[in-house]
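Reviewing the structure listed below.
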Amino acid sequence: MLSLHQPQADVYIPDGTAVDAALARTTKLAIGAHQDDLEFFAFHGISACFAQPEEWFAGVTVTNGAGSARAGVYERFTNEEMIEVRRQEQRKAAMIGEYGAMLQLDYPSSDVKDSTNEKPVDDLLAILQLAQPETVYLHNPADKHDTHIAVLQKSLAALRKLPENARPTRVYGCEIWRDLDWLPDEIKVALPVSEKTNLQAALNGVFDSQISGGKRYDLAVMGRRLAHATFYDSHSVDQETGLTFALDLTPLIQQPDLTMEEFLSRLLDQFRDDVLGRAKKFF
């Protein structure tokens with residue numbers, strides 16, 4: 001039976017299935033730092049499972065949202081009130097998206113950034129052991145938000161603790177606070193998100209506390225997806241009307257001795273070679 005460290009951790013199963021059984025049916029799972037991260041970077045997985053009886057999406061949000069920016073009707077909300085608002089927004093998204101399970105671990109960001117705190121890793125490992133998803137969506141290591149990187153570190157630590165036969169076949173690092181369009185085309189993973197634009201809009205629009213707070217994430221996310229689809233290939237007509245870019249992190253799971261510094265250095269070297277090679281060709 002699933003047991004989580006934080007007393008206010010929230011486990012929500014939209015269709016009422018027992019928690020362990022709901023997790024056991026998971027085929028695609030995403031782990032994000034904040035409420036709304038999953039909807040912005042893992043819609044590819046949400047869409048693939050929506051209304052599919054053999055496919056189930058499970059979401060995990062690690063932090064509690066206490067440090068959220070706030071303005072307008074939320075301007076005077078306390079941290080405790082914002083935590084509850086954001087928890088309910090994430091629950092609404094899970095209902096709209098027909099998630100198989102939605103877990104909010106309720107950690108302060110400071111706890112996640114603490115490299116000595118293993119509790120988030122323990123929670124994530126317990127979830128992964130029950131779910132054993134085929135595909136996992138995470139933040140990407142080139143993101144510029146410290147909390148995103150900290151959650152990625154905890155997530156990879158948990159994934160590496162799984163037995164080899166229980167590890168996902170594919171792990172994607174997805175974009176939020178830095179696009180991944182800079183990756184050379186042979187490295188970037190283009191995830192199509194052209195379909196279900198009404199569902200995309202509904203999920204993005206649930207997070208009113210952030211949108212009303214002065215950040216039009218709902219418009220920006222859709223604009224990014226359209227821009228990626230248009231600028232992805234300069235020599236052919238558009239095949240999609242929406243793309244999200246990801247980085248294949250699977251080698252970090254398959255090769256536990258591979259360090260993040262080594263992994264990123266290879267990517268940056270390839271990016272550097274691509275840019276300088278083209279410059280050398282014409283200048």
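Quick note on naming: the chains in the structure tokens go A, B, ... in the order shown, residues restart at 1 in each chain, and ligands are numbered from 1 in order of appearance.
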
DSSP on the backbone, strand (DSSP E or B) only: what residues of segment 179-283 of chain A does that give? Format it as a ChimeraX atom specification. /A:189-192,243-248

Shell of 6 Å around segment 162-177 of chain A, only C-alpha atoms, local chain residues under 6 positions omitted, as a PyMOL selection string: chain A and resi 41+132-140+143-144+246-250

Residues from the last selection, C-alpha atoms, saved as a CSV table (one decimal), in the first residue's frame:
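The resulting file, again_37.csv, is reproduced below:
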```csv
chain,number,residue,atom,x,y,z
A,41,PHE,CA,5.2,19.8,-20.7
A,132,GLN,CA,6.0,0.8,-13.5
A,133,PRO,CA,5.2,3.1,-16.4
A,134,GLU,CA,6.4,2.5,-19.9
A,135,THR,CA,7.1,6.1,-20.5
A,136,VAL,CA,8.1,8.9,-18.0
A,137,TYR,CA,8.1,12.6,-18.7
A,138,LEU,CA,10.4,14.8,-16.5
A,139,HIS,CA,11.8,18.3,-16.5
A,140,ASN,CA,14.9,18.6,-18.7
A,143,ASP,CA,15.9,24.2,-17.7
A,144,LYS,CA,16.8,27.4,-15.9
A,246,ALA,CA,12.1,16.8,-25.4
A,247,LEU,CA,15.5,15.4,-24.6
A,248,ASP,CA,15.9,11.6,-24.4
A,249,LEU,CA,17.1,11.0,-20.8
A,250,THR,CA,16.9,7.2,-21.1
```

Please provide as a tab-separated table (two decimals) with all heavy atoms, in the first residue's frame all residues within 12 Å of Ala126 of chain A, with the sequence filter that same-chain residues fewer than 5 positions apart are discarded (counting only C-alpha atoms).
```tsv
chain	number	residue	atom	x	y	z
A	1	MET	N	0.84	-1.20	0.00
A	1	MET	CA	0.00	0.00	0.00
A	1	MET	C	0.88	1.25	0.00
A	1	MET	O	1.88	1.31	0.71
A	1	MET	CB	-0.92	0.01	1.22
A	1	MET	CG	-1.87	1.18	1.27
A	1	MET	SD	-3.06	1.03	2.62
A	1	MET	CE	-4.00	2.52	2.38
A	2	LEU	N	0.50	2.23	-0.81
A	2	LEU	CA	1.30	3.43	-0.95
A	2	LEU	C	1.32	4.24	0.35
A	2	LEU	O	0.28	4.50	0.95
A	2	LEU	CB	0.75	4.31	-2.08
A	2	LEU	CG	1.53	5.60	-2.35
A	2	LEU	CD1	2.92	5.28	-2.89
A	2	LEU	CD2	0.76	6.48	-3.33
A	3	SER	N	2.53	4.64	0.75
A	3	SER	CA	2.69	5.49	1.92
A	3	SER	C	3.63	6.63	1.56
A	3	SER	O	4.73	6.39	1.01
A	3	SER	CB	3.26	4.67	3.09
A	3	SER	OG	3.49	5.50	4.21
A	4	LEU	N	3.21	7.87	1.86
A	4	LEU	CA	3.99	9.05	1.53
A	4	LEU	C	4.40	9.79	2.80
A	4	LEU	O	3.71	9.71	3.82
A	4	LEU	CB	3.18	9.98	0.61
A	4	LEU	CG	2.71	9.35	-0.71
A	4	LEU	CD1	1.75	10.28	-1.44
A	4	LEU	CD2	3.90	9.00	-1.61
A	5	HIS	N	5.50	10.52	2.74
A	5	HIS	CA	6.06	11.15	3.93
A	5	HIS	C	5.26	12.35	4.43
A	5	HIS	O	5.07	12.51	5.64
A	5	HIS	CB	7.50	11.59	3.66
A	5	HIS	CG	8.49	10.46	3.71
A	5	HIS	ND1	8.86	9.76	2.59
A	5	HIS	CD2	9.17	9.92	4.74
A	5	HIS	CE1	9.74	8.84	2.93
A	5	HIS	NE2	9.95	8.91	4.22
A	20	ASP	N	-3.61	1.76	-5.15
A	20	ASP	CA	-2.59	0.86	-5.68
A	20	ASP	C	-3.00	0.32	-7.05
A	20	ASP	O	-2.16	0.20	-7.96
A	20	ASP	CB	-2.35	-0.31	-4.72
A	20	ASP	CG	-1.57	0.13	-3.48
A	20	ASP	OD1	-1.40	1.35	-3.28
A	20	ASP	OD2	-1.13	-0.75	-2.71
A	23	LEU	N	-2.59	3.09	-9.71
A	23	LEU	CA	-1.20	3.27	-10.12
A	23	LEU	C	-0.71	2.09	-10.96
A	23	LEU	O	0.04	2.27	-11.93
A	23	LEU	CB	-0.31	3.44	-8.89
A	23	LEU	CG	-0.39	4.80	-8.21
A	23	LEU	CD1	0.37	4.80	-6.89
A	23	LEU	CD2	0.15	5.91	-9.12
A	24	ALA	N	-1.14	0.90	-10.62
A	24	ALA	CA	-0.67	-0.30	-11.33
A	24	ALA	C	-1.07	-0.30	-12.80
A	24	ALA	O	-0.40	-0.94	-13.62
A	24	ALA	CB	-1.20	-1.55	-10.64
A	60	VAL	N	2.48	13.36	-11.08
A	60	VAL	CA	3.05	13.62	-9.75
A	60	VAL	C	3.54	15.06	-9.72
A	60	VAL	O	4.35	15.46	-10.56
A	60	VAL	CB	4.22	12.67	-9.42
A	60	VAL	CG1	4.72	12.95	-8.00
A	60	VAL	CG2	3.82	11.22	-9.58
A	103	LEU	N	-1.01	12.67	-7.93
A	103	LEU	CA	-0.41	12.70	-6.59
A	103	LEU	C	0.35	14.02	-6.40
A	103	LEU	O	1.17	14.40	-7.24
A	103	LEU	CB	0.56	11.53	-6.41
A	103	LEU	CG	-0.07	10.15	-6.60
A	103	LEU	CD1	0.20	9.62	-8.02
A	103	LEU	CD2	0.47	9.16	-5.59
A	105	LEU	N	2.79	15.76	-3.70
A	105	LEU	CA	3.61	15.31	-2.58
A	105	LEU	C	3.78	16.37	-1.49
A	105	LEU	O	4.25	16.05	-0.40
A	105	LEU	CB	4.97	14.84	-3.09
A	105	LEU	CG	4.93	13.73	-4.16
A	105	LEU	CD1	6.33	13.24	-4.45
A	105	LEU	CD2	4.02	12.58	-3.74
A	119	LYS	N	13.65	12.10	1.39
A	119	LYS	CA	12.23	11.77	1.47
A	119	LYS	C	11.51	11.89	0.12
A	119	LYS	O	10.72	10.99	-0.23
A	119	LYS	CB	11.55	12.63	2.53
A	119	LYS	CG	11.96	12.28	3.96
A	119	LYS	CD	11.23	13.14	4.98
A	119	LYS	CE	11.63	12.76	6.40
A	119	LYS	NZ	10.97	13.61	7.42
A	120	PRO	N	11.74	12.96	-0.66
A	120	PRO	CA	11.09	13.00	-1.98
A	120	PRO	C	11.49	11.83	-2.86
A	120	PRO	O	10.66	11.29	-3.61
A	120	PRO	CB	11.57	14.33	-2.56
A	120	PRO	CG	11.92	15.17	-1.38
A	120	PRO	CD	12.48	14.21	-0.38
A	121	VAL	N	12.75	11.41	-2.78
A	121	VAL	CA	13.20	10.26	-3.57
A	121	VAL	C	12.46	9.00	-3.13
A	121	VAL	O	11.99	8.21	-3.97
A	121	VAL	CB	14.73	10.06	-3.42
A	121	VAL	CG1	15.18	8.81	-4.18
A	121	VAL	CG2	15.47	11.29	-3.93
A	131	ALA	N	3.64	1.84	-10.09
A	131	ALA	CA	3.14	2.20	-11.43
A	131	ALA	C	3.88	1.47	-12.54
A	131	ALA	O	3.25	1.02	-13.52
A	131	ALA	CB	3.29	3.71	-11.63
A	132	GLN	N	5.19	1.36	-12.45
A	132	GLN	CA	6.02	0.77	-13.50
A	132	GLN	C	5.59	1.24	-14.90
A	132	GLN	O	5.24	0.43	-15.76
A	132	GLN	CB	6.01	-0.76	-13.40
A	132	GLN	CG	6.61	-1.28	-12.11
A	132	GLN	CD	6.86	-2.77	-12.11
A	132	GLN	OE1	7.01	-3.40	-13.15
A	132	GLN	NE2	6.92	-3.36	-10.92
A	155	SER	N	13.97	12.81	-9.20
A	155	SER	CA	13.29	11.85	-10.07
A	155	SER	C	14.27	10.84	-10.65
A	155	SER	O	14.00	9.63	-10.67
A	155	SER	CB	12.57	12.58	-11.20
A	155	SER	OG	11.64	13.52	-10.71
A	158	ALA	N	15.40	8.35	-8.05
A	158	ALA	CA	14.40	7.31	-7.81
A	158	ALA	C	14.39	6.29	-8.95
A	158	ALA	O	14.34	5.08	-8.72
A	158	ALA	CB	13.02	7.94	-7.65
A	159	LEU	N	14.44	6.76	-10.18
A	159	LEU	CA	14.42	5.86	-11.33
A	159	LEU	C	15.63	4.93	-11.34
A	159	LEU	O	15.53	3.75	-11.69
A	159	LEU	CB	14.38	6.67	-12.64
A	159	LEU	CG	13.03	7.29	-12.98
A	159	LEU	CD1	13.19	8.40	-14.01
A	159	LEU	CD2	12.08	6.22	-13.52
A	161	LYS	N	17.08	3.73	-8.84
A	161	LYS	CA	16.95	2.74	-7.78
A	161	LYS	C	16.04	1.58	-8.17
A	161	LYS	O	16.00	0.56	-7.47
A	161	LYS	CB	16.43	3.40	-6.50
A	161	LYS	CG	17.45	4.30	-5.81
A	161	LYS	CD	16.93	4.79	-4.45
A	161	LYS	CE	18.01	5.57	-3.71
A	161	LYS	NZ	17.59	5.94	-2.34
A	162	LEU	N	15.32	1.73	-9.26
A	162	LEU	CA	14.44	0.64	-9.71
A	162	LEU	C	15.27	-0.51	-10.26
A	162	LEU	O	16.31	-0.31	-10.88
A	162	LEU	CB	13.51	1.15	-10.81
A	162	LEU	CG	12.40	2.12	-10.42
A	162	LEU	CD1	11.74	2.68	-11.68
A	162	LEU	CD2	11.36	1.43	-9.54
```

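Residues of segment 42-88 of chain A that DSSP places in alpha helix (DSSP H), based on the backbone of this structure, are A:Phe43, A:His44, A:Gly45, A:Ile46, A:Ser47, A:Ala48, A:Cys49, A:Asn79, A:Glu80, A:Glu81, A:Met82, A:Ile83, A:Glu84, A:Val85, A:Arg86, A:Arg87, A:Gln88.
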
Can those selected residues be exported to a file as a compact mmCIF listing (two decimals), in the first residue's frame so that it contains N, CA and C atoms?
```txt
# COMPACT_ATOMS: atom_id res chain seq x y z
N PHE A 43 1.73 17.09 -22.16
CA PHE A 43 0.43 16.87 -22.82
C PHE A 43 0.52 15.71 -23.81
N HIS A 44 1.67 15.46 -24.37
CA HIS A 44 1.83 14.31 -25.26
C HIS A 44 1.36 13.03 -24.59
N GLY A 45 1.73 12.83 -23.32
CA GLY A 45 1.31 11.64 -22.58
C GLY A 45 -0.14 11.69 -22.17
N ILE A 46 -0.60 12.86 -21.74
CA ILE A 46 -2.01 13.02 -21.36
C ILE A 46 -2.91 12.69 -22.54
N SER A 47 -2.56 13.25 -23.70
CA SER A 47 -3.38 13.04 -24.90
C SER A 47 -3.40 11.58 -25.32
N ALA A 48 -2.24 10.91 -25.24
CA ALA A 48 -2.16 9.51 -25.66
C ALA A 48 -3.05 8.61 -24.83
N CYS A 49 -3.31 9.00 -23.58
CA CYS A 49 -4.10 8.17 -22.68
C CYS A 49 -5.57 8.58 -22.61
N ASN A 79 0.24 31.87 2.19
CA ASN A 79 0.84 30.68 1.59
C ASN A 79 -0.05 29.46 1.74
N GLU A 80 -0.68 29.33 2.91
CA GLU A 80 -1.56 28.18 3.16
C GLU A 80 -2.77 28.21 2.22
N GLU A 81 -3.31 29.41 2.00
CA GLU A 81 -4.46 29.52 1.09
C GLU A 81 -4.05 29.23 -0.35
N MET A 82 -2.85 29.65 -0.74
CA MET A 82 -2.38 29.37 -2.10
C MET A 82 -2.13 27.89 -2.31
N ILE A 83 -1.61 27.24 -1.28
CA ILE A 83 -1.40 25.79 -1.37
C ILE A 83 -2.71 25.09 -1.68
N GLU A 84 -3.77 25.48 -1.00
CA GLU A 84 -5.07 24.84 -1.22
C GLU A 84 -5.64 25.18 -2.59
N VAL A 85 -5.49 26.44 -3.01
CA VAL A 85 -5.98 26.83 -4.34
C VAL A 85 -5.29 26.01 -5.42
N ARG A 86 -3.99 25.91 -5.32
CA ARG A 86 -3.23 25.21 -6.36
C ARG A 86 -3.50 23.70 -6.31
N ARG A 87 -3.69 23.17 -5.11
CA ARG A 87 -4.03 21.75 -5.00
C ARG A 87 -5.35 21.47 -5.73
N GLN A 88 -6.33 22.33 -5.52
CA GLN A 88 -7.63 22.13 -6.16
C GLN A 88 -7.56 22.34 -7.67
```

Would you please work out which residue, of A:Asp233, A:Glu240, A:Asn204, A:Asp257, is nearest to Arg216 of chain A when using only C-alpha atoms?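 Among the listed residues, A:Asn204 lies closest to Arg216 of chain A.
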
Figure out the distance between atom CA of Leu264 of chain A and atom CA of Ala279 of chain A, please, to one decimal in Å.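 Rounded to one decimal, the two atoms are 22.6 Å apart.
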
Return the single residue from A:Thr26, A:Thr241, A:Thr116, A:Ser110 that is closest to Gly65 of chain A, with distances computed using only C-alpha atoms.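 The answer is A:Ser110, which sits nearest to Gly65 of chain A.
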
Test item: residues at most 7 Å from Pro108 of chain A, only C-alpha atoms, excluding those fewer than 4 positions along its chain, as a PyMOL selection string: chain A and resi 63-64+112

Using only C-alpha atoms, can you tell me which of A:Phe231, A:Asp274, A:Leu203, A:Asp114 comes closest to Glu89 of chain A? A:Leu203

To one decimal place in Å, what is the distance between atom CA of Leu199 of chain A and atom CA of Tyr217 of chain A?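 Separation of atom CA of Leu199 of chain A and atom CA of Tyr217 of chain A: 15.1 Å.
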
From A:Glu262, A:Glu98, A:Asp181, A:Asp208, residue lying nearest Ala58 of chain A [only C-alpha atoms]: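 Smallest distance to Ala58 of chain A is found for A:Glu98.
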
Could you please determine the separation between atom CA of Leu258 of chain A and atom CA of His148 of chain A in Å, to one decimal place? 20.3 Å

Who sits within 9 Å of segment 183-185 of chain A, only C-alpha atoms, same chain under 6 positions skipped, as an NGL selection string: :A and (232 or 247 or 267-268 or 270-271 or 274)

Writer output for current selection, N, CA, C and O atoms, as an mmCIF file, in the first residue's frame:
```
data_model
loop_
_atom_site.group_PDB
_atom_site.id
_atom_site.type_symbol
_atom_site.label_atom_id
_atom_site.label_comp_id
_atom_site.auth_asym_id
_atom_site.auth_seq_id
_atom_site.Cartn_x
_atom_site.Cartn_y
_atom_site.Cartn_z
ATOM 1 N N TYR A 232 10.233 23.888 -37.152
ATOM 2 C CA TYR A 232 10.971 22.643 -36.960
ATOM 3 C C TYR A 232 11.772 22.262 -38.202
ATOM 4 O O TYR A 232 12.922 21.845 -38.117
ATOM 5 N N LEU A 247 14.159 15.968 -24.596
ATOM 6 C CA LEU A 247 15.490 15.392 -24.627
ATOM 7 C C LEU A 247 15.370 13.954 -24.125
ATOM 8 O O LEU A 247 14.716 13.707 -23.113
ATOM 9 N N LEU A 267 25.981 16.973 -25.226
ATOM 10 C CA LEU A 267 24.951 17.719 -25.957
ATOM 11 C C LEU A 267 25.453 19.099 -26.361
ATOM 12 O O LEU A 267 25.250 19.552 -27.494
ATOM 13 N N LEU A 268 26.093 19.788 -25.431
ATOM 14 C CA LEU A 268 26.576 21.141 -25.704
ATOM 15 C C LEU A 268 27.689 21.125 -26.748
ATOM 16 O O LEU A 268 27.783 22.040 -27.575
ATOM 17 N N GLN A 270 27.884 18.985 -29.199
ATOM 18 C CA GLN A 270 27.213 18.778 -30.488
ATOM 19 C C GLN A 270 26.548 20.053 -30.971
ATOM 20 O O GLN A 270 26.574 20.359 -32.173
ATOM 21 N N PHE A 271 25.959 20.813 -30.058
ATOM 22 C CA PHE A 271 25.357 22.093 -30.416
ATOM 23 C C PHE A 271 26.438 23.057 -30.904
ATOM 24 O O PHE A 271 26.282 23.726 -31.934
ATOM 25 N N ASP A 274 27.646 22.090 -34.329
ATOM 26 C CA ASP A 274 26.644 22.394 -35.344
ATOM 27 C C ASP A 274 26.689 23.866 -35.735
ATOM 28 O O ASP A 274 26.701 24.213 -36.926
#
```

Near segment 9-16 of chain A, counting only C-alpha atoms, which residues have an atom at most 8 Å away, once you skip same-chain residues fewer than 5 positions from it, shown as an mmCIF file with C-alpha atoms, in the first residue's frame?
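Final output, saved to result10.cif:
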```
data_model
loop_
_atom_site.group_PDB
_atom_site.id
_atom_site.type_symbol
_atom_site.label_atom_id
_atom_site.label_comp_id
_atom_site.auth_asym_id
_atom_site.auth_seq_id
_atom_site.Cartn_x
_atom_site.Cartn_y
_atom_site.Cartn_z
ATOM 1 C CA LEU A 4 3.990 9.050 1.526
ATOM 2 C CA ALA A 22 -4.968 2.951 -10.110
ATOM 3 C CA ARG A 91 -7.255 18.135 -9.065
ATOM 4 C CA ALA A 94 -6.759 15.603 -13.418
ATOM 5 C CA MET A 95 -10.526 15.326 -13.708
ATOM 6 C CA GLU A 98 -9.128 11.806 -17.146
ATOM 7 C CA TYR A 99 -5.867 10.983 -15.379
ATOM 8 C CA GLY A 100 -5.581 7.559 -13.850
ATOM 9 C CA ALA A 101 -4.030 9.126 -10.744
ATOM 10 C CA MET A 102 -2.831 12.506 -9.524
ATOM 11 C CA LEU A 103 -0.407 12.704 -6.594
ATOM 12 C CA GLN A 104 0.726 15.949 -4.964
ATOM 13 C CA LEU A 105 3.610 15.313 -2.578
ATOM 14 C CA ASP A 106 3.351 18.678 -0.757
#
```
